[in-house]
Each structure stands twice: as structure tokens, then as C-alpha cells.
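Heads up, target_4.txt below (compact mmCIF, C-alpha atoms):
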```txt
# COMPACT_ATOMS: atom_id res chain seq x y z
CA MET A 29 16.26 -93.48 -74.73
CA LEU A 30 15.69 -93.94 -78.43
CA GLY A 31 12.28 -93.20 -79.80
CA LEU A 32 12.33 -96.81 -80.90
CA ASP A 33 12.71 -97.99 -77.31
CA LEU A 34 9.64 -96.04 -76.29
CA PHE A 35 7.79 -97.48 -79.26
CA VAL A 36 8.65 -101.02 -78.20
CA ILE A 37 7.56 -100.41 -74.64
CA GLY A 38 4.38 -98.77 -75.85
CA ILE A 39 3.53 -101.74 -78.03
CA PHE A 40 4.24 -104.13 -75.18
CA THR A 41 1.87 -102.32 -72.86
CA ALA A 42 -0.83 -102.13 -75.51
CA ALA A 43 -0.40 -105.84 -76.24
CA VAL A 44 -0.87 -106.69 -72.57
CA ALA A 45 -4.14 -104.77 -72.62
CA ALA A 46 -5.20 -106.45 -75.86
CA GLY A 47 -4.43 -109.89 -74.47
CA LEU A 48 -6.29 -109.12 -71.29
CA VAL A 49 -9.47 -107.87 -72.95
CA GLY A 50 -9.37 -110.60 -75.57
CA SER A 51 -9.23 -113.38 -73.03
CA LEU A 52 -11.84 -111.76 -70.80
CA VAL A 53 -14.29 -111.54 -73.68
CA GLY A 54 -13.56 -115.15 -74.57
CA LEU A 55 -12.33 -114.46 -78.07
CA GLY A 56 -8.71 -115.24 -77.32
CA GLY A 57 -5.84 -112.90 -76.75
CA GLY A 58 -4.95 -112.32 -80.38
CA ILE A 59 -8.15 -110.96 -81.82
CA PHE A 60 -7.25 -107.36 -81.00
CA ILE A 61 -3.65 -107.41 -82.18
CA VAL A 62 -4.35 -106.67 -85.82
CA PRO A 63 -6.72 -103.77 -85.03
CA LEU A 64 -4.29 -102.49 -82.41
CA LEU A 65 -1.32 -102.44 -84.74
CA THR A 66 -3.18 -101.08 -87.75
CA ILE A 67 -5.59 -98.59 -86.19
CA GLY A 68 -3.53 -97.84 -83.10
CA PHE A 69 -0.01 -97.78 -84.52
CA GLY A 70 -0.66 -97.28 -88.21
CA LEU A 71 1.20 -100.36 -89.36
CA ASP A 72 0.72 -102.19 -92.63
CA ILE A 73 -1.98 -104.81 -92.15
CA ARG A 74 0.15 -107.65 -93.50
CA LEU A 75 2.84 -106.95 -90.90
CA ALA A 76 0.13 -106.80 -88.25
CA ILE A 77 -1.22 -110.18 -89.34
CA GLY A 78 2.24 -111.74 -89.32
CA THR A 79 2.83 -110.46 -85.82
CA SER A 80 -0.57 -111.57 -84.62
CA ILE A 81 -0.30 -115.13 -85.90
CA VAL A 82 2.95 -115.56 -84.00
CA SER A 83 1.38 -114.42 -80.76
CA VAL A 84 -1.55 -116.80 -81.34
CA ILE A 85 0.90 -119.73 -81.21
CA ALA A 86 2.24 -118.51 -77.91
CA THR A 87 -1.08 -118.03 -76.14
CA SER A 88 -2.81 -121.15 -77.41
CA SER A 89 -0.04 -123.62 -76.65
CA GLY A 90 -0.15 -122.90 -72.95
CA ALA A 91 -3.88 -123.47 -72.68
CA ALA A 92 -3.78 -126.60 -74.82
CA ALA A 93 -1.49 -128.38 -72.39
CA ALA A 94 -4.00 -128.03 -69.56
CA TYR A 95 -6.93 -129.34 -71.59
CA VAL A 96 -5.12 -132.51 -72.58
CA ARG A 97 -4.26 -133.19 -68.96
CA ASP A 98 -7.90 -132.81 -68.04
CA HIS A 99 -8.90 -135.54 -70.47
CA LEU A 100 -11.16 -133.20 -72.39
CA THR A 101 -9.35 -133.00 -75.72
CA ASN A 102 -10.20 -135.53 -78.38
CA VAL A 103 -6.77 -135.88 -79.92
CA ARG A 104 -7.89 -138.12 -82.78
CA VAL A 105 -10.63 -135.76 -83.89
CA GLY A 106 -8.22 -132.85 -83.55
CA MET A 107 -5.55 -134.50 -85.67
CA LEU A 108 -8.02 -135.50 -88.37
CA LEU A 109 -9.47 -132.01 -88.54
CA GLU A 110 -5.98 -130.54 -88.64
CA LEU A 111 -5.68 -131.96 -92.14
CA ALA A 112 -8.32 -129.43 -93.13
CA THR A 113 -7.22 -126.52 -90.95
CA THR A 114 -3.57 -126.61 -91.96
CA THR A 115 -4.27 -126.77 -95.68
CA GLY A 116 -6.75 -123.92 -95.20
CA ALA A 117 -4.20 -121.92 -93.23
CA VAL A 118 -1.48 -122.31 -95.83
CA THR A 119 -3.93 -121.25 -98.54
CA GLY A 120 -4.98 -118.24 -96.49
CA ALA A 121 -1.44 -117.10 -95.80
CA TYR A 122 -0.54 -117.42 -99.44
CA VAL A 123 -3.62 -115.52 -100.60
CA ALA A 124 -3.02 -112.76 -98.04
CA GLY A 125 0.18 -111.97 -99.87
CA LEU A 126 -1.71 -111.48 -103.08
CA ILE A 127 -4.86 -109.54 -102.35
CA ASN A 128 -5.43 -105.88 -101.72
CA ALA A 129 -4.89 -104.76 -98.11
CA GLN A 130 -8.25 -103.04 -97.99
CA ILE A 131 -10.00 -106.35 -98.55
CA LEU A 132 -8.15 -107.75 -95.53
CA PHE A 133 -9.48 -104.89 -93.39
CA TYR A 134 -13.00 -105.55 -94.55
CA LEU A 135 -12.78 -109.30 -93.98
CA PHE A 136 -11.30 -108.78 -90.54
CA GLY A 137 -14.08 -106.47 -89.49
CA ALA A 138 -16.73 -108.84 -90.80
CA ILE A 139 -15.24 -111.90 -89.10
CA LEU A 140 -14.83 -110.04 -85.83
CA LEU A 141 -18.45 -108.95 -85.91
CA LEU A 142 -19.57 -112.50 -86.70
CA SER A 143 -17.53 -113.85 -83.78
CA VAL A 144 -19.61 -111.79 -81.43
CA LEU A 145 -22.79 -113.66 -82.29
CA PRO A 146 -22.00 -116.99 -80.55
CA LEU A 147 -20.98 -115.07 -77.46
CA ALA A 148 -24.20 -113.16 -77.29
CA ARG A 149 -26.22 -116.32 -76.94
CA LYS A 150 -25.46 -119.64 -75.38
CA LEU A 151 -23.96 -121.82 -78.02
CA GLY A 152 -25.46 -125.25 -78.61
CA GLU A 153 -26.43 -127.89 -76.11
CA ASP A 154 -23.99 -128.83 -73.40
CA LEU A 155 -24.68 -132.52 -73.87
CA PRO A 156 -25.99 -133.43 -77.30
CA ARG A 157 -28.37 -136.34 -77.29
CA GLY A 158 -29.16 -138.99 -79.86
CA VAL A 159 -25.86 -138.63 -81.66
CA LYS A 160 -24.51 -141.60 -83.55
CA ASP A 161 -21.11 -142.05 -85.12
CA ASP A 162 -21.06 -141.42 -88.85
CA ALA A 163 -19.19 -143.79 -91.15
CA ILE A 164 -15.85 -142.02 -90.95
CA ALA A 165 -16.06 -141.58 -87.19
CA ALA A 166 -16.78 -145.27 -86.77
CA ARG A 167 -13.98 -146.31 -89.11
CA LEU A 168 -11.43 -144.08 -87.37
CA ARG A 169 -12.74 -144.74 -83.86
CA LEU A 170 -13.25 -141.08 -83.02
CA ALA A 171 -15.89 -141.60 -80.31
CA SER A 172 -14.75 -141.24 -76.75
CA VAL A 173 -15.42 -140.39 -73.12
CA TYR A 174 -14.71 -137.34 -71.02
CA PRO A 175 -15.04 -136.55 -67.33
CA ASP A 176 -17.73 -133.97 -66.67
CA GLN A 177 -16.98 -132.28 -63.38
CA ALA A 178 -20.34 -130.58 -63.16
CA LEU A 179 -22.12 -133.91 -63.50
CA GLY A 180 -19.53 -135.75 -61.49
CA SER A 181 -19.22 -138.65 -63.91
CA SER A 182 -17.74 -139.76 -67.20
CA VAL A 183 -19.81 -139.03 -70.25
CA SER A 184 -19.44 -141.02 -73.43
CA TYR A 185 -20.13 -139.33 -76.74
CA SER A 186 -20.21 -140.12 -80.43
CA VAL A 187 -18.94 -138.14 -83.37
CA THR A 188 -20.88 -137.39 -86.50
CA GLY A 189 -20.81 -135.04 -89.48
CA VAL A 190 -17.13 -135.50 -90.28
CA PRO A 191 -17.31 -134.27 -93.92
CA PRO A 192 -19.10 -130.98 -93.15
CA GLY A 193 -16.88 -130.62 -90.09
CA MET A 194 -13.81 -130.90 -92.29
CA GLY A 195 -15.26 -128.35 -94.68
CA MET A 196 -15.88 -125.85 -91.90
CA MET A 197 -12.41 -126.51 -90.54
CA TYR A 198 -10.88 -125.67 -93.89
CA VAL A 199 -12.67 -122.33 -93.76
CA ALA A 200 -11.55 -121.80 -90.17
CA GLY A 201 -7.96 -122.47 -91.23
CA LEU A 202 -8.35 -120.17 -94.21
CA VAL A 203 -9.58 -117.34 -91.99
CA SER A 204 -6.79 -117.99 -89.52
CA GLY A 205 -4.08 -117.85 -92.16
CA LEU A 206 -5.62 -114.90 -93.94
CA LEU A 207 -6.28 -112.68 -90.94
CA GLY A 208 -3.78 -113.83 -88.31
CA ILE A 209 -6.31 -114.95 -85.73
CA GLY A 210 -6.89 -118.24 -83.96
CA SER A 211 -10.36 -118.87 -85.39
CA GLY A 212 -11.29 -120.65 -82.18
CA ALA A 213 -14.88 -119.50 -82.49
CA LEU A 214 -15.24 -121.04 -85.95
CA LYS A 215 -13.62 -124.28 -84.85
CA VAL A 216 -15.89 -124.63 -81.85
CA LEU A 217 -18.87 -123.84 -84.07
CA ALA A 218 -17.90 -126.62 -86.49
CA MET A 219 -17.42 -129.22 -83.79
CA ASP A 220 -20.50 -128.16 -81.89
CA THR A 221 -23.07 -127.84 -84.66
CA ALA A 222 -21.77 -130.09 -87.43
CA MET A 223 -20.12 -132.82 -85.43
CA ARG A 224 -22.31 -132.66 -82.30
CA LEU A 225 -19.47 -132.89 -79.81
CA PRO A 226 -20.09 -131.93 -76.19
CA MET A 227 -19.30 -128.27 -75.54
CA LYS A 228 -16.34 -128.87 -73.27
CA VAL A 229 -14.76 -131.29 -75.70
CA SER A 230 -15.24 -128.84 -78.57
CA SER A 231 -13.56 -126.03 -76.66
CA ALA A 232 -10.65 -128.14 -75.50
CA THR A 233 -10.06 -129.72 -78.91
CA SER A 234 -10.30 -126.33 -80.62
CA ASN A 235 -7.60 -124.98 -78.32
CA PHE A 236 -5.51 -128.03 -79.11
CA MET A 237 -5.70 -127.25 -82.84
CA ILE A 238 -5.25 -123.49 -82.84
CA GLY A 239 -1.48 -123.59 -82.30
CA VAL A 240 -0.87 -126.04 -85.13
CA THR A 241 -3.10 -124.11 -87.51
CA ALA A 242 -1.29 -120.89 -86.64
CA ALA A 243 2.10 -122.53 -87.13
CA ALA A 244 1.06 -123.60 -90.62
CA SER A 245 0.66 -120.02 -91.77
CA ALA A 246 3.23 -118.37 -89.48
CA GLY A 247 6.13 -119.89 -91.39
CA ILE A 248 4.91 -118.33 -94.62
CA TYR A 249 4.57 -114.89 -93.06
CA PHE A 250 7.98 -115.22 -91.45
CA TRP A 251 9.90 -116.03 -94.61
CA ARG A 252 7.96 -113.40 -96.50
CA GLY A 253 9.40 -110.84 -94.10
CA ASP A 254 6.03 -109.97 -92.59
CA VAL A 255 7.21 -110.61 -89.05
CA VAL A 256 9.22 -107.62 -87.89
CA PRO A 257 11.22 -108.85 -84.88
CA LEU A 258 11.13 -105.65 -82.87
CA ILE A 259 7.35 -105.53 -83.20
CA ALA A 260 6.64 -109.24 -82.90
CA ALA A 261 8.70 -109.55 -79.72
CA PRO A 262 6.86 -107.06 -77.50
CA VAL A 263 3.50 -108.14 -78.95
CA ALA A 264 4.02 -111.86 -78.38
CA LEU A 265 5.32 -111.33 -74.87
CA GLY A 266 2.68 -108.74 -74.05
CA VAL A 267 -0.22 -110.89 -75.22
CA LEU A 268 1.13 -113.83 -73.23
CA VAL A 269 1.17 -111.73 -70.09
CA GLY A 270 -2.23 -110.20 -70.78
CA ALA A 271 -3.93 -113.48 -71.61
CA THR A 272 -2.52 -115.14 -68.48
CA LEU A 273 -3.77 -112.28 -66.36
CA GLY A 274 -7.14 -112.45 -68.07
CA ALA A 275 -7.48 -116.16 -67.41
CA ARG A 276 -6.79 -115.61 -63.71
CA LEU A 277 -9.22 -112.71 -63.48
CA LEU A 278 -11.94 -114.60 -65.33
CA VAL A 279 -12.09 -117.17 -62.57
CA ARG A 280 -13.22 -114.51 -60.14
CA PHE A 281 -15.74 -112.65 -62.24
CA ASN A 282 -19.02 -113.74 -63.68
CA ASN A 283 -18.60 -114.67 -67.32
CA THR A 284 -21.71 -112.90 -68.51
CA THR A 285 -20.99 -109.63 -66.73
CA VAL A 286 -17.53 -109.40 -68.18
CA ARG A 287 -18.78 -110.03 -71.67
CA LEU A 288 -21.51 -107.44 -71.36
CA ILE A 289 -18.89 -104.87 -70.49
CA PHE A 290 -16.52 -105.65 -73.30
CA LEU A 291 -18.78 -106.65 -76.15
CA PRO A 292 -19.40 -103.02 -77.15
CA VAL A 293 -15.63 -102.64 -77.44
CA VAL A 294 -15.45 -105.57 -79.81
CA VAL A 295 -18.29 -104.21 -81.90
CA ALA A 296 -16.68 -100.77 -82.07
CA VAL A 297 -13.37 -102.23 -83.20
CA SER A 298 -14.97 -104.38 -85.87
CA LEU A 299 -16.90 -101.42 -87.22
CA GLU A 300 -13.70 -99.40 -87.46
CA MET A 301 -12.01 -102.21 -89.36
CA LEU A 302 -14.99 -102.46 -91.70
CA LEU A 303 -14.85 -98.74 -92.36
CA ARG A 304 -11.18 -98.96 -93.19
CA GLY A 305 -11.93 -101.77 -95.57
CA LEU A 306 -14.58 -99.75 -97.30
CA GLY A 307 -12.11 -96.91 -97.62
CA VAL A 308 -14.12 -94.57 -95.47
CA ALA A 309 -11.99 -94.20 -92.31
CA MET B 6 -31.37 -133.60 -68.44
CA SER B 7 -30.32 -137.24 -68.65
CA ALA B 8 -26.75 -137.76 -69.60
CA GLN B 9 -25.39 -140.94 -71.01
CA ALA B 10 -23.21 -141.29 -67.98
CA GLN B 11 -21.60 -144.63 -68.36
CA VAL B 12 -18.05 -145.80 -68.15
CA THR B 13 -17.61 -147.48 -71.48
CA GLU B 14 -14.94 -149.45 -73.18
CA ALA B 15 -14.71 -146.77 -75.83
CA GLU B 16 -11.39 -146.76 -77.60
CA PRO B 17 -9.05 -144.63 -75.48
CA ASN B 18 -8.66 -141.37 -77.33
CA LEU B 19 -5.20 -140.68 -75.96
CA SER B 20 -6.29 -137.69 -73.91
CA GLY B 21 -4.52 -138.10 -70.61
CA HIS B 22 -2.41 -140.95 -71.96
CA PRO B 23 1.03 -140.63 -70.35
CA MET B 24 2.83 -139.96 -73.59
CA GLU B 25 0.32 -137.38 -74.71
CA ILE B 26 0.83 -135.56 -71.42
CA TRP B 27 4.54 -135.71 -72.02
CA ILE B 28 3.99 -134.20 -75.46
CA SER B 29 1.99 -131.39 -73.86
CA ARG B 30 4.84 -130.69 -71.48
CA VAL B 31 7.17 -130.37 -74.42
CA LEU B 32 4.69 -127.95 -75.96
CA ARG B 33 4.70 -125.80 -72.86
CA LEU B 34 8.47 -125.94 -72.47
CA GLY B 35 8.87 -124.99 -76.10
CA VAL B 36 6.77 -121.86 -75.62
CA ILE B 37 8.66 -120.91 -72.47
CA LEU B 38 12.03 -121.44 -74.14
CA ALA B 39 11.01 -119.48 -77.22
CA ALA B 40 9.60 -116.67 -75.08
CA ALA B 41 12.85 -116.58 -73.08
CA ILE B 42 14.93 -116.21 -76.24
CA ILE B 43 12.62 -113.49 -77.50
CA LEU B 44 12.77 -111.70 -74.17
CA LEU B 45 16.55 -111.91 -74.13
CA GLY B 46 16.75 -110.39 -77.58
CA LEU B 47 14.36 -107.62 -76.63
CA VAL B 48 16.20 -106.82 -73.42
CA ILE B 49 19.51 -106.69 -75.27
CA PHE B 50 17.98 -104.25 -77.70
CA VAL B 51 16.53 -101.93 -75.08
CA VAL B 52 19.58 -102.00 -72.83
CA THR B 53 22.36 -101.57 -75.36
CA THR B 54 22.94 -98.70 -77.73
CA PRO B 55 23.18 -100.33 -81.14
CA SER B 56 25.94 -99.21 -83.42
CA SER B 57 24.04 -100.48 -86.38
CA GLY B 58 20.43 -101.30 -86.97
CA PRO B 59 17.33 -99.14 -86.89
CA THR B 60 17.12 -96.10 -84.62
CA SER B 61 13.65 -94.95 -85.43
CA VAL B 62 10.31 -96.51 -86.18
CA HIS B 63 10.53 -95.34 -89.75
CA GLN B 64 13.91 -96.97 -90.19
CA LEU B 65 12.59 -100.09 -88.57
CA LEU B 66 9.93 -100.51 -91.17
CA HIS B 67 11.68 -99.30 -94.26
CA SER B 68 15.35 -100.15 -93.95
CA GLY B 69 14.89 -103.65 -95.26
CA GLU B 70 17.77 -104.70 -93.07
CA VAL B 71 16.05 -107.60 -91.41
CA SER B 72 17.64 -110.72 -92.83
CA VAL B 73 15.15 -113.45 -93.52
CA THR B 74 17.45 -116.26 -94.41
CA PRO B 75 18.43 -119.03 -92.00
CA HIS B 76 22.07 -118.29 -92.67
CA GLY B 77 21.64 -114.59 -91.96
CA ILE B 78 19.78 -115.25 -88.73
CA LEU B 79 22.37 -117.69 -87.40
CA ARG B 80 25.16 -115.32 -88.29
CA GLY B 81 23.35 -112.52 -86.50
CA VAL B 82 22.86 -114.63 -83.40
CA ALA B 83 26.55 -115.47 -83.36
CA ASN B 84 27.25 -111.75 -83.43
CA GLY B 85 24.90 -111.16 -80.54
CA ASN B 86 22.51 -109.21 -82.73
CA ALA B 87 19.31 -108.55 -80.78
CA THR B 88 17.10 -108.70 -83.86
CA SER B 89 18.49 -112.04 -84.99
CA LEU B 90 18.04 -113.43 -81.50
CA ILE B 91 14.39 -112.43 -81.54
CA GLN B 92 13.98 -114.06 -84.94
CA LEU B 93 15.48 -117.24 -83.55
CA GLY B 94 12.98 -117.14 -80.70
CA VAL B 95 10.10 -116.63 -83.13
CA LEU B 96 11.26 -119.62 -85.18
CA ALA B 97 11.47 -121.69 -82.00
CA LEU B 98 7.91 -120.65 -81.22
CA ILE B 99 6.65 -121.67 -84.67
CA LEU B 100 8.50 -124.98 -84.37
CA THR B 101 6.85 -125.86 -81.07
CA PRO B 102 3.49 -127.06 -82.44
CA VAL B 103 5.38 -128.68 -85.36
CA THR B 104 7.40 -130.69 -82.85
CA ARG B 105 4.20 -131.69 -81.11
CA VAL B 106 2.78 -133.05 -84.36
CA ALA B 107 5.99 -134.96 -85.07
CA MET B 108 5.88 -136.55 -81.63
CA SER B 109 2.27 -137.54 -82.18
CA ILE B 110 3.38 -139.56 -85.19
CA ALA B 111 5.65 -141.56 -82.91
CA LEU B 112 2.81 -141.98 -80.46
CA PHE B 113 0.36 -143.28 -83.08
CA SER B 114 3.09 -145.53 -84.42
CA ALA B 115 3.60 -147.02 -80.98
CA GLN B 116 -0.14 -147.58 -80.87
CA ARG B 117 0.14 -149.35 -84.19
CA ASP B 118 -2.47 -147.04 -85.65
CA GLY B 119 -1.43 -146.90 -89.31
CA VAL B 120 -4.23 -144.64 -90.46
CA PHE B 121 -3.43 -141.95 -87.92
CA VAL B 122 0.28 -142.22 -88.57
CA LEU B 123 -0.60 -141.38 -92.16
CA ILE B 124 -2.98 -138.57 -91.21
CA THR B 125 -0.49 -136.98 -88.83
CA SER B 126 2.32 -137.34 -91.36
CA VAL B 127 0.33 -135.43 -93.94
CA VAL B 128 -0.30 -132.65 -91.40
CA LEU B 129 3.42 -132.55 -90.67
CA ALA B 130 4.17 -132.39 -94.38
CA VAL B 131 1.87 -129.38 -94.79
CA LEU B 132 3.54 -127.66 -91.82
CA VAL B 133 7.03 -128.32 -93.14
CA ALA B 134 6.05 -127.16 -96.62
CA GLY B 135 4.96 -123.82 -95.18
CA LEU B 136 8.07 -123.57 -93.04
CA THR B 137 10.61 -124.33 -95.71
CA GLY B 138 9.14 -121.84 -98.09
CA VAL B 139 8.11 -124.45 -100.60
CA ILE B 140 4.89 -122.51 -100.90
```

Any chance you could give the structure as C-alpha cells?
Amino acid sequence: MLGLDLFVIGIFTAAVAAGLVGSLVGLGGGIFIVPLLTIGFGLDIRLAIGTSIVSVIATSSGAAAAYVRDHLTNVRVGMLLELATTTGAVTGAYVAGLINAQILFYLFGAILLLSVLPLARKLGEDLPRGVKDDAIAARLRLASVYPDQALGSSVSYSVTGVPPGMGMMYVAGLVSGLLGIGSGALKVLAMDTAMRLPMKVSSATSNFMIGVTAAASAGIYFWRGDVVPLIAAPVALGVLVGATLGARLLVRFNNTTVRLIFLPVVVAVSLEMLLRGLGVA
Amino acid sequence: MSAQAQVTEAEPNLSGHPMEIWISRVLRLGVILAAAIILLGLVIFVVTTPSSGPTSVHQLLHSGEVSVTPHGILRGVANGNATSLIQLGVLALILTPVTRVAMSIALFSAQRDGVFVLITSVVLAVLVAGLTGVI
């Protein structure tokens, strides 16, 4: 067997693990790909990002389908916000080709560390109260209803804060295109705090948008040659397998317990990335 | 906690709408198809002994042999080149959400929602711009 064959199999296995841990922690399967490929396999960070963004498309698209079926996704809000995320993503991908690799390491570590914060505490209210449509939401008829299984009834909700929401979405897209991650945490944050959407709607709509945002930047990485096929293939497939496994396992285990176990891992990884960025490691 | 639990006549937001579900199915099928092509390419690589192409990790990263032009990729696929096949699968994967956006334009058009046809078209334009290397 060629050394290259072993390399491919090794990356596949590692990607399965990365996808598994990522989905268990709730950060998505792709968050560990860039650290894995750079720290673990010593690859150039731009190649790692190109590979990662491709795998993000794969993992998010599967989940998105389920959320739409469950009537949780607000497609109109998602589409509107995608104006901001896609332009952000394209900007990010373009800029990533220009700036120093060390800066990318540093940014990645910082973002990863920041993503931990919403997990460590319960994010926002489940059912925001006293929310009224803002002007744009009213004009575009963004308000809607969703079925809340826990409550056993349909809950109507309004949408507000569209301009700040769009601004945060641009940043989320920028981060996604720059670092090769899904930015789901940032998207949920924007919809939850700025636009006051119910938690379940925010999560579902975020998932709905991640694939499109990733596709916006993936094309740029691809034609720039930053997606090496023999690396992207095992990673994309591995993360798909790992994330699927993780989703199944998550149903059985308590959310909080799982996160308590893996959060230190996330923190350790982000610190390592930060150190690389600072030129220390 | 009192929820505003009422069945309203809020404008249907398309979630669960038959055509939107159909679009989601296309999304899922697209990922499966793309993954299958990628898997095929990978299997071909591992199983066959290539007469050309990289034989070590170092060569993989530094040979500069990977063709990144549409023409090169199609030619490679026709030759049964594992790498080109994988690239085709990756492209199919990237095109899956793009297809979903395009179909949403048709959906909004059927709903006679001019504003959202415009919004979705702009999103599609941004996606295509990134894909065709305009940027």
C-alpha cells in the first residue's frame, strides 16, 4: 500500500472523530477540521480551510432538510439574511487569499473560544415575549408560526431588528468564508438576540442558511486550488459519517453531560490555534 | 410561562409547503449523489495502482498537477482519473445549495412574491459570481 493510501485512510478516520465530537458538543461537525489538518497533519491552513468549507456543505444540507419538514425553518427570514451572509462569505474567502496565514490561525482560535461561551450558558429565552415586527419585517411579511412540540401547540412569533440582524449575518458570513466553518453559533446569536426569534426557529433557520453560505465561499477556494481532492474526499466523507453518528448518539445522552466532557477539548484546541497565530507554538 | 399559543392567519412562511419539501429532498439527494461520486473516486484511487499522479503526501501537495479548470476536470473524468472524479463530486456538492436557491426563485415566482424573487435572485447572483471565478 502506498504511503499516500495510509494517509488518506488516516485522515478519514480522524475526520470521523472530528465530526463526532463536533456534533456532540453542538458546534457542528466542521469546527475541528481546520485544527485537525493544520495541527494534526501539518497542512497549510488555507488548504485546511478549503477542505473544511466543503465538508460544512455536506453536513449542513442533511440536517436542513429535516428542519424544513418540521415546519421550524423560517424560509423568508433565511433567504433575506442570506443576502448578508453570502456577500460576507465571498468577502471572507477573497480576503483569506490575501492575508498572512498566521492571522488566520489567531482568528480561528479566537472565534473557537468565543463559540464556547453560548454553550456554557443557556442562550436567550425559549419564547421571547413582547416582540413586535419592525418595519422591514412587516413589509416583507416575515412573521410566522411554528409547532412547539414541548408545548403541544402552534406558537406565533414576530420578527424584529432586521438591520442589526443583517449586520451580524454579514459578519457570520465573513467568518465562515474566512475560516471555513459554518458559523452556526453566530447566526443563531444574531437571530436570537437581535431579531428575537424563538430558539427552535433560530436553530432551524441557521442550519438552513449554513449550506448556502458555505457554497458561496467554497467555489472561490475550489478555483483557487485550495481544495486538494485526495484530502477533501476523505474529510468530507469522514465528517458526514461522524456527524451522523454524533446526532444519533446525542439522542441518548444528556446534552449537558456531553458538553461538560468535551468543552475542555474545544478550549484546548482553540488555545493551540491561538498560540500558532501568535507564533509561539 | 405564557406562550402566545394561537393558530393565526399569519402569512404562510413556506416551511412545510409541499414545494419547499420537494426542494429539501433535492438538497438531500444532491448531497448523497455528490458523496457517492466522491466515494467512487476515492475507492478507485485506493484500489488501483496509479501509473501517474502523486505517490506520496509530499508529491500530493507540491506537484501542482491538480487541474483546476472545468475542461481539465471533465477530461480527467473521461479518462477515469480518480482525482478528477473527486473534483467532480466536490463541484456537485457545492452546486447543491446553489440549486436549492435557484429552485426557491421558481417557488417565490409561483407565489407571485416579486420582492422575494428579487432577493433570492441576488443571492443566486452572488453564489454564481463566486463559482464562476468572477471574484

**Asked** Mind pulling up the distance from atom CA of A:Leu145 to atom CA of A:Met223?
**Response**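 Value for the atom CA of A:Met223-atom CA of A:Leu145 distance: 19.6 Å.
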
**Request:** For A:Ile259, work out the shell of residues within 8 Å, counting only C-alpha atoms and skipping chain neighbours fewer than 6 positions away, then give it as a ChimeraX atom specification.
**Result:** /A:36,39,79

**Request:** Give me, please, the distance in Å between atom CA of B:Val62 and atom CA of A:Leu32, quoted to one decimal.
**Result:** 5.7 Å

**Request:** Please measure the separation of atom CA of A:Val183 and atom CA of A:Gly158, giving the value in Å to one decimal.
**Result:**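 Those two atoms sit 13.4 Å apart.
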
Nearby residues (all atoms listed in the file) at most 10 Å from stretch 46-50 of chain B, same-chain spacing under 6 positions excluded, as a tab-separated table (two decimals) with C-alpha atoms, in the coordinates of the input:
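selection03.tsv, written as the output of this step:
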```
chain	number	residue	atom	x	y	z
A	32	LEU	CA	12.33	-96.81	-80.90
A	33	ASP	CA	12.71	-97.99	-77.31
A	36	VAL	CA	8.65	-101.02	-78.20
A	257	PRO	CA	11.22	-108.85	-84.88
A	258	LEU	CA	11.13	-105.65	-82.87
A	259	ILE	CA	7.35	-105.53	-83.20
A	261	ALA	CA	8.70	-109.55	-79.72
A	262	PRO	CA	6.86	-107.06	-77.50
A	265	LEU	CA	5.32	-111.33	-74.87
B	40	ALA	CA	9.60	-116.67	-75.08
B	82	VAL	CA	22.86	-114.63	-83.40
B	85	GLY	CA	24.90	-111.16	-80.54
B	86	ASN	CA	22.51	-109.21	-82.73
B	87	ALA	CA	19.31	-108.55	-80.78
B	88	THR	CA	17.10	-108.70	-83.86
B	89	SER	CA	18.49	-112.04	-84.99
B	90	LEU	CA	18.04	-113.43	-81.50
B	91	ILE	CA	14.39	-112.43	-81.54
B	92	GLN	CA	13.98	-114.06	-84.94
B	93	LEU	CA	15.48	-117.24	-83.55
B	94	GLY	CA	12.98	-117.14	-80.70
```

**Request:** Name the residues in contact with A:Met237 at a cut-off of 10 Å, using all atoms listed in the file, excluding same-chain residues fewer than 3 positions from it; report them as a PyMOL selection string.
**Result:** (chain A and resi 88-89+92+101+103+105-107+109-110+113-114+201+210-212+215+232-234+240-242) or (chain B and resi 102)

Residue selection dump (C-alpha atoms) as a tab-separated table (two decimals), keeping the file's coordinate frame:
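So the final result, stored in selection14.tsv, reads:
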```tsv
chain	number	residue	atom	x	y	z
A	88	SER	CA	-2.81	-121.15	-77.41
A	89	SER	CA	-0.04	-123.62	-76.65
A	92	ALA	CA	-3.78	-126.60	-74.82
A	101	THR	CA	-9.35	-133.00	-75.72
A	103	VAL	CA	-6.77	-135.88	-79.92
A	105	VAL	CA	-10.63	-135.76	-83.89
A	106	GLY	CA	-8.22	-132.85	-83.55
A	107	MET	CA	-5.55	-134.50	-85.67
A	109	LEU	CA	-9.47	-132.01	-88.54
A	110	GLU	CA	-5.98	-130.54	-88.64
A	113	THR	CA	-7.22	-126.52	-90.95
A	114	THR	CA	-3.57	-126.61	-91.96
A	201	GLY	CA	-7.96	-122.47	-91.23
A	210	GLY	CA	-6.89	-118.24	-83.96
A	211	SER	CA	-10.36	-118.87	-85.39
A	212	GLY	CA	-11.29	-120.65	-82.18
A	215	LYS	CA	-13.62	-124.28	-84.85
A	232	ALA	CA	-10.65	-128.14	-75.50
A	233	THR	CA	-10.06	-129.72	-78.91
A	234	SER	CA	-10.30	-126.33	-80.62
A	240	VAL	CA	-0.87	-126.04	-85.13
A	241	THR	CA	-3.10	-124.11	-87.51
A	242	ALA	CA	-1.29	-120.89	-86.64
B	102	PRO	CA	3.49	-127.06	-82.44
```
